[in-house]
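Enquirer: Input file: input.csv. Contents: CSV, C-alpha atoms.
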```
chain,number,residue,atom,x,y,z
W,278,MET,CA,21.6,5.5,28.4
W,279,SER,CA,18.5,3.4,28.0
W,280,GLN,CA,17.4,2.2,24.6
W,281,THR,CA,13.8,2.5,25.8
W,282,LYS,CA,14.2,6.2,26.7
W,283,LEU,CA,16.4,7.0,23.7
W,284,PRO,CA,15.2,4.9,20.7
W,285,GLY,CA,17.5,5.2,17.7
W,286,ALA,CA,20.1,7.2,19.6
W,287,ILE,CA,22.9,4.9,18.6
W,288,GLY,CA,22.0,5.2,15.0
W,289,ALA,CA,21.8,9.0,15.3
W,290,LEU,CA,25.2,9.2,17.0
W,291,LEU,CA,26.7,7.1,14.1
W,292,ALA,CA,25.5,9.8,11.7
W,293,ILE,CA,28.2,12.1,13.1
W,294,ILE,CA,30.9,9.9,11.5
W,295,PRO,CA,29.8,10.3,7.8
W,296,ALA,CA,28.7,13.9,8.4
W,297,GLY,CA,32.1,14.8,9.8
W,298,LEU,CA,34.1,12.9,7.2
W,299,ALA,CA,32.1,14.6,4.4
W,300,LEU,CA,33.7,17.9,5.3
W,301,SER,CA,37.1,16.7,4.2
W,302,GLN,CA,36.0,15.1,1.0
W,303,THR,CA,35.0,16.2,-2.5
W,304,PHE,CA,31.3,17.1,-2.9
W,305,SER,CA,31.0,16.9,-6.7
W,306,LEU,CA,33.0,16.5,-9.9
W,307,SER,CA,32.4,18.5,-13.0
W,308,GLY,CA,33.9,18.6,-16.5
W,309,PHE,CA,35.7,15.8,-18.4
W,310,ASP,CA,39.2,17.0,-19.3
W,311,PRO,CA,40.2,18.3,-16.9
W,312,VAL,CA,38.0,17.1,-14.0
W,313,ILE,CA,37.2,20.0,-11.6
W,314,PRO,CA,36.5,18.9,-8.0
W,315,LEU,CA,34.4,20.9,-5.7
W,316,PRO,CA,35.5,20.7,-2.1
W,317,ALA,CA,32.9,20.1,0.5
W,318,LEU,CA,33.8,23.3,2.4
W,319,HIS,CA,33.0,25.4,-0.8
W,320,SER,CA,29.6,23.6,-1.3
W,321,PRO,CA,26.3,23.3,0.5
W,322,ALA,CA,27.8,20.3,2.4
W,323,LEU,CA,29.0,22.5,5.3
W,324,ARG,CA,25.5,23.7,6.1
W,325,ILE,CA,24.0,20.2,5.6
W,326,ALA,CA,26.5,18.6,7.9
W,327,ALA,CA,26.1,21.3,10.5
W,328,LEU,CA,22.3,20.8,10.6
W,329,GLN,CA,22.8,17.0,10.7
W,330,ILE,CA,25.0,17.3,13.7
W,331,VAL,CA,22.3,19.5,15.4
W,332,CYS,CA,19.8,16.8,14.7
W,333,VAL,CA,22.1,14.3,16.3
W,334,LEU,CA,22.2,16.4,19.5
W,335,LEU,CA,18.4,16.6,19.4
W,336,ALA,CA,18.3,12.8,19.2
W,337,ALA,CA,20.3,12.6,22.4
W,338,GLN,CA,17.5,14.2,24.3
W,339,PRO,CA,15.2,11.8,26.3
W,340,LEU,CA,11.9,10.8,24.7
W,341,ARG,CA,9.0,12.4,26.5
W,342,CYS,CA,6.1,13.4,24.2
W,343,LEU,CA,5.3,14.3,20.7
W,344,LEU,CA,6.3,18.0,21.2
W,345,GLY,CA,9.7,16.9,22.4
W,346,THR,CA,10.2,14.8,19.2
W,347,LEU,CA,9.0,17.6,16.9
W,348,PRO,CA,12.4,19.4,16.7
W,349,LEU,CA,14.1,16.2,15.6
W,350,LEU,CA,11.4,15.5,13.0
W,351,LEU,CA,11.5,19.1,11.6
W,352,GLY,CA,15.3,19.2,11.6
W,353,SER,CA,15.7,15.9,9.8
W,354,LEU,CA,13.2,17.0,7.2
W,355,LEU,CA,15.0,20.3,6.7
W,356,THR,CA,18.4,18.6,6.2
W,357,GLY,CA,16.7,16.2,3.8
W,358,ALA,CA,15.3,19.0,1.8
W,359,LEU,CA,18.6,20.8,1.6
W,360,LEU,CA,20.4,17.6,0.5
W,361,LEU,CA,17.8,17.0,-2.2
W,362,LEU,CA,18.2,20.6,-3.5
W,363,SER,CA,21.9,20.2,-3.5
W,364,VAL,CA,22.2,17.1,-5.8
W,365,PRO,CA,24.8,17.9,-8.5
W,366,SER,CA,23.2,17.9,-11.9
W,367,GLY,CA,24.0,18.7,-15.5
W,368,GLU,CA,27.7,18.3,-16.1
W,369,SER,CA,28.4,17.6,-12.4
W,370,GLU,CA,28.1,14.3,-10.7
W,371,PRO,CA,28.1,13.5,-6.9
W,372,ALA,CA,31.3,12.6,-5.2
W,373,THR,CA,32.3,11.1,-1.9
W,374,ALA,CA,31.1,13.9,0.4
W,375,PHE,CA,27.6,13.8,-1.1
W,376,TRP,CA,27.3,10.0,-0.5
W,377,LEU,CA,28.5,10.4,3.0
W,378,LEU,CA,25.8,13.0,3.7
W,379,CYS,CA,23.3,10.6,2.2
W,380,ILE,CA,24.3,7.9,4.7
W,381,ALA,CA,24.0,10.4,7.6
W,382,GLN,CA,20.6,11.4,6.4
W,383,PHE,CA,19.5,7.8,6.2
W,384,LEU,CA,20.5,7.3,9.9
W,385,LEU,CA,18.7,10.4,10.9
W,386,ALA,CA,15.6,9.4,9.0
W,387,ARG,CA,15.7,6.0,10.7
W,388,THR,CA,15.9,7.6,14.1
W,389,SER,CA,13.0,10.0,13.5
W,390,VAL,CA,10.7,7.1,12.6
W,391,GLN,CA,11.9,5.1,15.6
W,392,ARG,CA,11.2,8.0,17.9
W,393,LEU,CA,7.7,8.6,16.6
W,394,ALA,CA,6.9,4.9,16.7
W,395,MET,CA,7.9,4.6,20.4
W,396,LEU,CA,5.6,7.3,21.6
W,397,ASP,CA,2.8,6.2,23.9
W,398,SER,CA,0.2,8.4,22.3
W,399,PRO,CA,-3.3,8.2,20.7
W,400,PRO,CA,-3.8,5.8,17.7
W,401,TRP,CA,-3.4,8.6,15.2
W,402,VAL,CA,0.3,8.8,16.0
W,403,ALA,CA,0.7,5.3,14.6
W,404,THR,CA,-0.9,6.6,11.4
W,405,LEU,CA,1.5,9.5,11.5
W,406,THR,CA,4.4,7.1,11.9
W,407,ALA,CA,3.4,5.2,8.8
W,408,VAL,CA,3.0,8.4,6.8
W,409,LEU,CA,6.5,9.5,7.9
W,410,PHE,CA,8.0,6.2,6.9
W,411,GLY,CA,6.3,6.4,3.5
W,412,LEU,CA,7.6,10.0,3.0
W,413,TRP,CA,11.2,8.9,3.8
W,414,MET,CA,10.9,6.0,1.3
W,415,LEU,CA,9.7,8.4,-1.4
W,416,TYR,CA,12.4,10.9,-0.4
W,417,PHE,CA,15.3,8.4,-0.9
W,418,TRP,CA,13.7,7.2,-4.1
W,419,GLN,CA,13.7,10.7,-5.4
W,420,LEU,CA,17.2,11.4,-4.1
W,421,LEU,CA,18.9,8.3,-5.5
W,422,VAL,CA,17.1,8.5,-8.9
W,423,THR,CA,18.2,12.1,-9.2
W,424,ALA,CA,21.8,11.5,-8.0
W,425,PHE,CA,22.3,8.5,-10.3
W,426,ALA,CA,20.5,10.2,-13.2
W,427,VAL,CA,18.4,7.2,-13.8
W,428,PRO,CA,16.5,7.5,-17.1
W,429,ARG,CA,12.7,8.1,-16.8
W,430,VAL,CA,12.1,5.0,-19.0
W,431,LEU,CA,13.7,2.8,-16.4
W,432,LEU,CA,12.4,4.4,-13.2
W,433,PRO,CA,10.8,7.8,-13.1
W,434,ALA,CA,11.2,9.9,-10.0
W,435,PRO,CA,8.3,10.4,-7.6
W,436,ALA,CA,8.1,14.1,-8.6
W,437,ASP,CA,7.6,13.0,-12.3
W,438,ILE,CA,4.9,10.6,-11.3
W,439,LEU,CA,3.2,13.3,-9.2
W,440,VAL,CA,3.3,15.7,-12.2
W,441,ALA,CA,1.8,13.1,-14.4
W,442,LEU,CA,-1.0,12.5,-11.9
W,443,PHE,CA,-2.1,16.2,-12.2
W,444,THR,CA,-1.3,16.9,-15.8
W,445,GLU,CA,-3.1,13.7,-17.0
W,446,ALA,CA,-5.9,14.0,-14.5
W,447,ASP,CA,-8.6,13.9,-17.3
W,448,LYS,CA,-7.3,10.6,-18.7
W,449,LEU,CA,-6.9,9.0,-15.3
W,450,SER,CA,-10.3,10.1,-14.2
W,451,GLY,CA,-11.9,8.4,-17.2
W,452,ASP,CA,-9.7,5.3,-16.5
W,453,PHE,CA,-10.9,5.3,-12.9
W,454,VAL,CA,-14.6,5.4,-13.9
W,455,GLN,CA,-14.1,2.6,-16.5
W,456,THR,CA,-12.1,0.3,-14.4
W,457,VAL,CA,-13.1,0.9,-10.8
W,458,LEU,CA,-16.7,2.2,-10.9
W,459,LYS,CA,-17.9,-0.1,-13.7
W,460,SER,CA,-15.7,-3.2,-13.7
W,461,VAL,CA,-14.3,-3.6,-10.2
W,462,LEU,CA,-17.3,-2.6,-8.0
W,463,THR,CA,-19.9,-4.4,-10.2
W,464,GLY,CA,-17.9,-7.6,-10.4
W,465,TYR,CA,-16.9,-7.4,-6.7
W,466,VAL,CA,-20.5,-7.0,-5.5
W,467,LEU,CA,-21.7,-9.8,-7.8
W,468,GLY,CA,-18.9,-12.2,-7.2
W,469,SER,CA,-18.7,-11.8,-3.4
W,470,GLY,CA,-22.5,-11.8,-3.1
W,471,LEU,CA,-22.9,-14.9,-5.2
W,472,GLY,CA,-20.1,-16.6,-3.2
W,473,ILE,CA,-21.7,-15.8,0.1
W,474,ALA,CA,-25.1,-16.9,-1.0
W,475,THR,CA,-23.7,-20.1,-2.5
W,476,GLY,CA,-21.8,-20.8,0.7
W,477,ILE,CA,-25.0,-20.5,2.7
W,478,ALA,CA,-26.9,-22.7,0.3
W,479,ILE,CA,-24.2,-25.4,0.3
W,480,GLU,CA,-23.9,-25.4,4.1
W,481,ARG,CA,-27.7,-26.2,4.4
W,482,SER,CA,-27.8,-28.8,1.7
W,483,PRO,CA,-25.8,-32.0,1.7
W,484,PHE,CA,-26.7,-32.5,-1.9
W,485,LEU,CA,-25.0,-29.3,-2.9
W,486,GLN,CA,-22.0,-30.1,-0.7
W,487,ARG,CA,-21.3,-33.2,-2.7
W,488,GLY,CA,-22.3,-31.8,-6.2
W,489,LEU,CA,-21.7,-28.1,-6.3
W,490,LEU,CA,-18.7,-27.6,-4.0
W,491,PRO,CA,-16.3,-29.6,-6.2
W,492,ILE,CA,-17.5,-27.7,-9.3
W,493,ALA,CA,-17.2,-24.4,-7.5
W,494,SER,CA,-13.7,-25.2,-6.3
W,495,LEU,CA,-12.7,-25.8,-9.9
W,496,THR,CA,-13.2,-22.1,-10.6
W,497,SER,CA,-10.2,-21.2,-8.4
W,498,THR,CA,-7.8,-23.2,-10.6
W,499,ILE,CA,-8.8,-21.5,-13.9
W,500,PRO,CA,-5.9,-19.2,-15.0
W,501,LEU,CA,-6.8,-15.5,-15.4
W,502,VAL,CA,-4.9,-15.2,-18.7
W,503,GLY,CA,-7.0,-18.0,-20.2
W,504,VAL,CA,-10.3,-16.6,-19.0
W,505,ALA,CA,-9.8,-13.0,-20.0
W,506,PRO,CA,-9.7,-13.5,-23.8
W,507,ILE,CA,-12.7,-15.8,-23.7
W,508,ALA,CA,-14.7,-13.3,-21.6
W,509,VAL,CA,-13.8,-10.6,-24.3
W,510,MET,CA,-15.2,-12.9,-27.0
W,511,TRP,CA,-18.4,-13.6,-25.1
W,512,PHE,CA,-19.2,-10.2,-23.6
W,513,GLY,CA,-17.3,-7.8,-25.9
W,514,PHE,CA,-14.5,-5.3,-25.3
W,515,ASP,CA,-16.3,-3.1,-22.9
W,516,TRP,CA,-16.6,-3.4,-19.1
W,517,PRO,CA,-19.1,-6.4,-18.9
W,518,SER,CA,-16.3,-8.8,-20.0
W,519,LYS,CA,-14.1,-7.4,-17.1
W,520,VAL,CA,-17.0,-7.9,-14.7
W,521,ALA,CA,-17.2,-11.5,-15.7
W,522,VAL,CA,-13.5,-12.0,-14.9
W,523,VAL,CA,-13.8,-10.3,-11.6
W,524,VAL,CA,-16.9,-12.4,-10.7
W,525,LEU,CA,-14.9,-15.5,-11.4
W,526,MET,CA,-12.0,-14.4,-9.3
W,527,THR,CA,-14.0,-13.3,-6.3
W,528,PHE,CA,-16.6,-16.1,-6.2
W,529,PHE,CA,-14.5,-18.9,-4.7
W,530,PRO,CA,-12.8,-17.0,-1.8
W,531,ALA,CA,-16.2,-15.7,-0.6
W,532,MET,CA,-17.8,-19.1,-0.8
W,533,VAL,CA,-15.1,-21.0,1.0
W,534,SER,CA,-14.8,-18.4,3.8
W,535,THR,CA,-18.6,-18.4,4.2
W,536,LEU,CA,-18.6,-22.2,4.6
W,537,ALA,CA,-15.8,-22.1,7.1
W,538,GLY,CA,-17.5,-19.3,9.1
W,539,LEU,CA,-20.8,-21.0,9.2
W,540,GLY,CA,-19.2,-24.0,10.8
W,541,ALA,CA,-17.3,-21.9,13.4
W,542,ALA,CA,-20.2,-21.6,15.8
W,543,GLY,CA,-19.5,-23.3,19.1
W,544,LYS,CA,-21.1,-26.5,20.2
W,545,LEU,CA,-22.5,-25.0,23.3
W,546,GLU,CA,-24.2,-22.2,21.4
W,547,ARG,CA,-25.7,-24.7,18.9
W,548,GLU,CA,-27.0,-26.8,21.7
W,549,LEU,CA,-28.5,-23.8,23.4
W,550,MET,CA,-30.3,-22.8,20.2
W,551,HIS,CA,-31.6,-26.3,19.8
W,552,SER,CA,-32.9,-26.4,23.4
W,553,TYR,CA,-34.9,-23.2,22.6
W,554,ALA,CA,-36.4,-25.1,19.6
W,555,ALA,CA,-35.0,-22.5,17.2
W,556,SER,CA,-35.6,-23.2,13.6
W,557,ALA,CA,-32.9,-23.5,11.0
W,558,ARG,CA,-33.5,-20.0,9.8
W,559,GLN,CA,-33.4,-18.6,13.3
W,560,GLN,CA,-30.1,-20.4,14.0
W,561,LEU,CA,-28.7,-19.1,10.7
W,562,LEU,CA,-29.6,-15.5,11.4
W,563,ALA,CA,-28.9,-15.4,15.2
W,564,LEU,CA,-25.9,-17.7,15.5
W,565,ARG,CA,-24.2,-19.1,12.4
W,566,LEU,CA,-24.2,-15.9,10.2
W,567,PRO,CA,-22.8,-13.6,13.0
W,568,ALA,CA,-20.2,-16.2,13.8
W,569,ALA,CA,-19.2,-16.3,10.1
W,570,MET,CA,-18.9,-12.6,9.7
W,571,PRO,CA,-15.1,-12.5,10.6
W,572,PHE,CA,-14.5,-15.1,7.9
W,573,ILE,CA,-16.7,-13.3,5.4
W,574,PHE,CA,-14.9,-10.0,6.0
W,575,GLY,CA,-11.6,-11.7,5.6
W,576,ALA,CA,-12.7,-12.9,2.2
W,577,LEU,CA,-14.1,-9.5,1.3
W,578,LYS,CA,-10.7,-7.9,2.1
W,579,VAL,CA,-8.9,-10.5,-0.1
W,580,ASN,CA,-11.4,-10.0,-2.9
W,581,ALA,CA,-10.8,-6.2,-2.8
W,582,SER,CA,-7.3,-6.8,-4.1
W,583,LEU,CA,-8.3,-9.7,-6.4
W,584,ALA,CA,-11.0,-7.7,-8.1
W,585,LEU,CA,-8.8,-4.7,-8.9
W,586,ILE,CA,-6.0,-7.0,-10.2
W,587,GLY,CA,-8.4,-9.0,-12.3
W,588,ALA,CA,-10.0,-6.0,-13.9
W,589,ILE,CA,-6.7,-4.4,-14.8
W,590,VAL,CA,-5.2,-7.6,-16.2
W,591,ALA,CA,-8.4,-8.3,-18.2
W,592,GLU,CA,-8.0,-4.9,-19.9
W,593,PHE,CA,-4.7,-6.1,-21.3
W,594,PHE,CA,-6.6,-8.5,-23.5
W,595,GLY,CA,-9.0,-6.1,-25.0
W,596,SER,CA,-10.5,-2.8,-23.9
W,597,PRO,CA,-12.0,0.4,-25.2
W,598,THR,CA,-9.9,3.5,-25.1
W,599,ALA,CA,-10.1,3.9,-21.3
W,600,GLY,CA,-9.2,1.9,-18.3
W,601,LEU,CA,-6.2,1.6,-16.0
W,602,GLY,CA,-5.0,-1.6,-17.6
W,603,PHE,CA,-5.5,-0.1,-21.1
W,604,ARG,CA,-3.5,3.0,-19.9
W,605,ILE,CA,-0.7,0.9,-18.5
W,606,SER,CA,-0.3,-1.2,-21.6
W,607,THR,CA,-0.6,1.6,-24.2
W,608,GLU,CA,1.6,4.1,-22.4
W,609,ALA,CA,4.3,1.5,-21.7
W,610,ALA,CA,4.5,0.9,-25.4
W,611,ARG,CA,4.9,4.6,-25.9
W,612,MET,CA,7.7,4.8,-23.2
W,613,GLN,CA,5.6,7.2,-21.2
W,614,MET,CA,6.6,5.7,-17.9
W,615,PRO,CA,5.6,8.5,-15.6
W,616,LEU,CA,2.0,8.1,-16.8
W,617,VAL,CA,2.3,4.3,-16.4
W,618,TRP,CA,3.5,4.7,-12.8
W,619,ALA,CA,0.7,7.3,-12.2
W,620,ALA,CA,-1.9,4.7,-13.2
W,621,ILE,CA,-0.2,2.2,-11.0
W,622,VAL,CA,-0.2,4.6,-8.1
W,623,LEU,CA,-3.9,5.4,-8.7
W,624,SER,CA,-4.8,1.7,-8.6
W,625,ALA,CA,-2.8,1.2,-5.4
W,626,ILE,CA,-4.6,4.2,-3.8
W,627,VAL,CA,-8.0,2.8,-4.8
W,628,GLY,CA,-7.1,-0.7,-3.5
W,629,SER,CA,-5.9,0.7,-0.2
W,630,ALA,CA,-9.0,2.9,0.2
W,631,LEU,CA,-11.3,0.0,-0.4
W,632,TYR,CA,-9.4,-2.2,2.0
W,633,SER,CA,-9.5,0.5,4.7
W,634,LEU,CA,-13.3,1.0,4.2
W,635,LEU,CA,-13.8,-2.7,4.7
W,636,VAL,CA,-11.7,-2.6,7.9
W,637,LEU,CA,-13.9,0.2,9.2
W,638,CYS,CA,-17.1,-1.8,8.4
W,639,GLU,CA,-15.6,-4.9,10.0
W,640,ARG,CA,-15.0,-2.9,13.2
W,641,ARG,CA,-18.6,-1.8,13.2
W,642,VAL,CA,-20.1,-5.2,12.4
W,643,ASN,CA,-17.7,-7.4,14.4
W,644,PHE,CA,-17.3,-5.2,17.4
W,645,TRP,CA,-17.9,-8.2,19.6
W,646,HIS,CA,-15.0,-10.2,18.2
W,647,PRO,CA,-11.9,-10.5,20.4
W,648,SER,CA,-9.6,-9.4,17.6
W,649,VAL,CA,-11.5,-6.2,17.0
W,650,ARG,CA,-11.8,-5.4,20.7
W,651,ALA,CA,-8.0,-5.9,21.1
W,652,ALA,CA,-7.3,-3.6,18.1
W,653,GLN,CA,-9.6,-0.9,19.6
W,654,SER,CA,-8.1,-1.1,23.1
```
For this file, write the structure as structure tokens.

Expert:
Amino acid sequence: MSQTKLPGAIGALLAIIPAGLALSQTFSLSGFDPVIPLPALHSPALRIAALQIVCVLLAAQPLRCLLGTLPLLLGSLLTGALLLLSVPSGESEPATAFWLLCIAQFLLARTSVQRLAMLDSPPWVATLTAVLFGLWMLYFWQLLVTAFAVPRVLLPAPADILVALFTEADKLSGDFVQTVLKSVLTGYVLGSGLGIATGIAIERSPFLQRGLLPIASLTSTIPLVGVAPIAVMWFGFDWPSKVAVVVLMTFFPAMVSTLAGLGAAGKLERELMHSYAASARQQLLALRLPAAMPFIFGALKVNASLALIGAIVAEFFGSPTAGLGFRISTEAARMQMPLVWAAIVLSAIVGSALYSLLVLCERRVNFWHPSVRAAQS
């Protein structure tokens, strides 16, 4: 049995052990005095264990294509759904058989992700693998929070967060407009644009290299918690003060990366441009700036996260009645943790979407770069 042909098969076979042991154990306990045990054979454990064993047999089949992996994926998802629906609640609490089935389900989930990741298929299968991995993480989060009866104040379940996303959509949409469309995007464009322009100016002027560069580097050492209250005092409680904070956070990475990129052009290329009597402007547009684009996009991707973090943190120090940072701080004080987590999820989605958009733009602009060509091949 080859590990290459049967990825995750050993882990799937090990799932038989906890699934089989669960049938001889107690599934749940109810009551206090006396405690009433529910045997696994008189509970949903029998059906779940049987389906898990079927999934183990499917995992023993050689890996050929996506269609051959589909029964294992569907089977593991079905057993996971049955296990989640069978979590003891109310006056009952999970017992040994339930936790053994959880271990078996974890091994099957691991095998399903491994099988999908090992497929030699189009690039979208890699995206599907990442989605499946994320779904299993959310699944076990929901399963464990429900089984341990974790209070919503400490850690809400993913289902509660999803409900908050839909029921509080009006509030979150206003927060999105206030934080992302006004503060983040405006500050991101201004800060990154000024950083790139300053980097070009400093690279062409020795005077600015000696005078402006040390001052600009000083901006990276200013703490955010110290700047945000001052920005509120200068620009008010609305979004312009958040824009000022974002500009300060994104300026230095863009400037430093631009300077590094402008100096990345090869010596032979520079000598060739010089032999053609190219002017400084022509060298900048035809050689130095294209060579700097990978560095600039690296800074833009870093700034995408910095801008979102800076705007949200700045809203903690003063904000109107809208904004993701405002929502997180106020709802946390009210112990409305599902809404707090919903705002966090929304900000994470926005950050991921902005980063993905920059990656797509980088592939279009830097199609000539070896790193982009290797990723596309």

Enquirer: Just how far from atom CA of W:Val523 is atom CA of W:Ile507, in Å to one decimal?

Expert: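 Atom CA of W:Val523 lies at a distance of 13.3 Å from atom CA of W:Ile507.
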
Enquirer: So, with only C-alpha atoms as the atoms that count, which of W:Ser320, W:Thr456, W:Thr303, W:Thr404 lies closest to W:Leu362?

Expert: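 Among W:Ser320, W:Thr456, W:Thr303, W:Thr404, it is W:Ser320 that comes nearest to W:Leu362.
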
Enquirer: I want to know what sits within 10 Å of W:Ser582, based on all atoms listed in the file, with residues of the same chain fewer than 2 positions away left out; could you give that as a PyMOL selection string?

Expert: chain W and resi 461+465+527+577-580+584-587+624-625+627-629+631-632

Enquirer: Counting all atoms listed in the file, which of W:Arg392, W:Ala358, W:Ile380, W:Pro321 gets nearest to W:Pro295?

Expert: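 The answer is W:Ile380, which sits nearest to W:Pro295.
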
Enquirer: What does the structure give for the distance between atom CA of W:Gly595 and atom CA of W:Ile621, in Å to one decimal?

Expert: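 Atom-to-atom, atom CA of W:Gly595 and atom CA of W:Ile621 are spaced 18.5 Å apart.
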
Enquirer: Can you work out the spacing between atom CA of W:Gly468 and atom CA of W:Leu525 in Å, to one decimal?

Expert: 6.7 Å

Enquirer: Can I get stretch 576-597 of chain W with N, CA and C atoms filled in, as an mmCIF file, keeping the file's coordinate frame?

Expert:
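Contents of part.cif, as written:
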```cif
data_model
loop_
_atom_site.group_PDB
_atom_site.id
_atom_site.type_symbol
_atom_site.label_atom_id
_atom_site.label_comp_id
_atom_site.auth_asym_id
_atom_site.auth_seq_id
_atom_site.Cartn_x
_atom_site.Cartn_y
_atom_site.Cartn_z
ATOM 1 N N ALA W 576 -12.618 -12.686 3.624
ATOM 2 C CA ALA W 576 -12.700 -12.900 2.200
ATOM 3 C C ALA W 576 -12.980 -11.644 1.420
ATOM 4 N N LEU W 577 -13.798 -10.745 1.972
ATOM 5 C CA LEU W 577 -14.100 -9.500 1.300
ATOM 6 C C LEU W 577 -12.811 -8.645 1.143
ATOM 7 N N LYS W 578 -11.956 -8.664 2.152
ATOM 8 C CA LYS W 578 -10.700 -7.900 2.100
ATOM 9 C C LYS W 578 -9.754 -8.506 1.038
ATOM 10 N N VAL W 579 -9.718 -9.818 0.971
ATOM 11 C CA VAL W 579 -8.900 -10.500 -0.100
ATOM 12 C C VAL W 579 -9.450 -10.175 -1.446
ATOM 13 N N ASN W 580 -10.766 -10.229 -1.577
ATOM 14 C CA ASN W 580 -11.400 -10.000 -2.900
ATOM 15 C C ASN W 580 -11.222 -8.551 -3.352
ATOM 16 N N ALA W 581 -11.050 -7.618 -2.425
ATOM 17 C CA ALA W 581 -10.800 -6.200 -2.800
ATOM 18 C C ALA W 581 -9.594 -6.096 -3.696
ATOM 19 N N SER W 582 -8.539 -6.815 -3.338
ATOM 20 C CA SER W 582 -7.300 -6.800 -4.100
ATOM 21 C C SER W 582 -7.477 -7.626 -5.409
ATOM 22 N N LEU W 583 -8.103 -8.795 -5.271
ATOM 23 C CA LEU W 583 -8.300 -9.700 -6.400
ATOM 24 C C LEU W 583 -9.127 -9.003 -7.515
ATOM 25 N N ALA W 584 -10.167 -8.293 -7.105
ATOM 26 C CA ALA W 584 -11.000 -7.700 -8.100
ATOM 27 C C ALA W 584 -10.299 -6.604 -8.885
ATOM 28 N N LEU W 585 -9.494 -5.793 -8.198
ATOM 29 C CA LEU W 585 -8.800 -4.700 -8.900
ATOM 30 C C LEU W 585 -7.717 -5.338 -9.837
ATOM 31 N N ILE W 586 -6.999 -6.351 -9.358
ATOM 32 C CA ILE W 586 -6.000 -7.000 -10.200
ATOM 33 C C ILE W 586 -6.636 -7.662 -11.409
ATOM 34 N N GLY W 587 -7.752 -8.356 -11.173
ATOM 35 C CA GLY W 587 -8.400 -9.000 -12.300
ATOM 36 C C GLY W 587 -8.921 -8.111 -13.335
ATOM 37 N N ALA W 588 -9.510 -6.980 -12.930
ATOM 38 C CA ALA W 588 -10.000 -6.000 -13.900
ATOM 39 C C ALA W 588 -8.891 -5.404 -14.725
ATOM 40 N N ILE W 589 -7.789 -5.056 -14.069
ATOM 41 C CA ILE W 589 -6.700 -4.400 -14.800
ATOM 42 C C ILE W 589 -6.025 -5.405 -15.749
ATOM 43 N N VAL W 590 -5.808 -6.633 -15.304
ATOM 44 C CA VAL W 590 -5.200 -7.600 -16.200
ATOM 45 C C VAL W 590 -6.126 -7.957 -17.351
ATOM 46 N N ALA W 591 -7.430 -8.027 -17.095
ATOM 47 C CA ALA W 591 -8.400 -8.300 -18.200
ATOM 48 C C ALA W 591 -8.366 -7.270 -19.248
ATOM 49 N N GLU W 592 -8.080 -6.017 -18.881
ATOM 50 C CA GLU W 592 -8.000 -4.900 -19.900
ATOM 51 C C GLU W 592 -6.832 -5.056 -20.793
ATOM 52 N N PHE W 593 -5.847 -5.846 -20.433
ATOM 53 C CA PHE W 593 -4.700 -6.100 -21.300
ATOM 54 C C PHE W 593 -5.116 -6.881 -22.554
ATOM 55 N N PHE W 594 -6.200 -7.630 -22.460
ATOM 56 C CA PHE W 594 -6.600 -8.500 -23.500
ATOM 57 C C PHE W 594 -7.701 -7.957 -24.411
ATOM 58 N N GLY W 595 -7.992 -6.712 -24.234
ATOM 59 C CA GLY W 595 -9.000 -6.100 -25.000
ATOM 60 C C GLY W 595 -9.825 -5.120 -24.223
ATOM 61 N N SER W 596 -9.826 -3.859 -24.647
ATOM 62 C CA SER W 596 -10.500 -2.800 -23.900
ATOM 63 C C SER W 596 -10.813 -1.663 -24.784
ATOM 64 N N PRO W 597 -11.840 -0.883 -24.461
ATOM 65 C CA PRO W 597 -12.000 0.400 -25.200
ATOM 66 C C PRO W 597 -10.909 1.353 -24.850
#
```
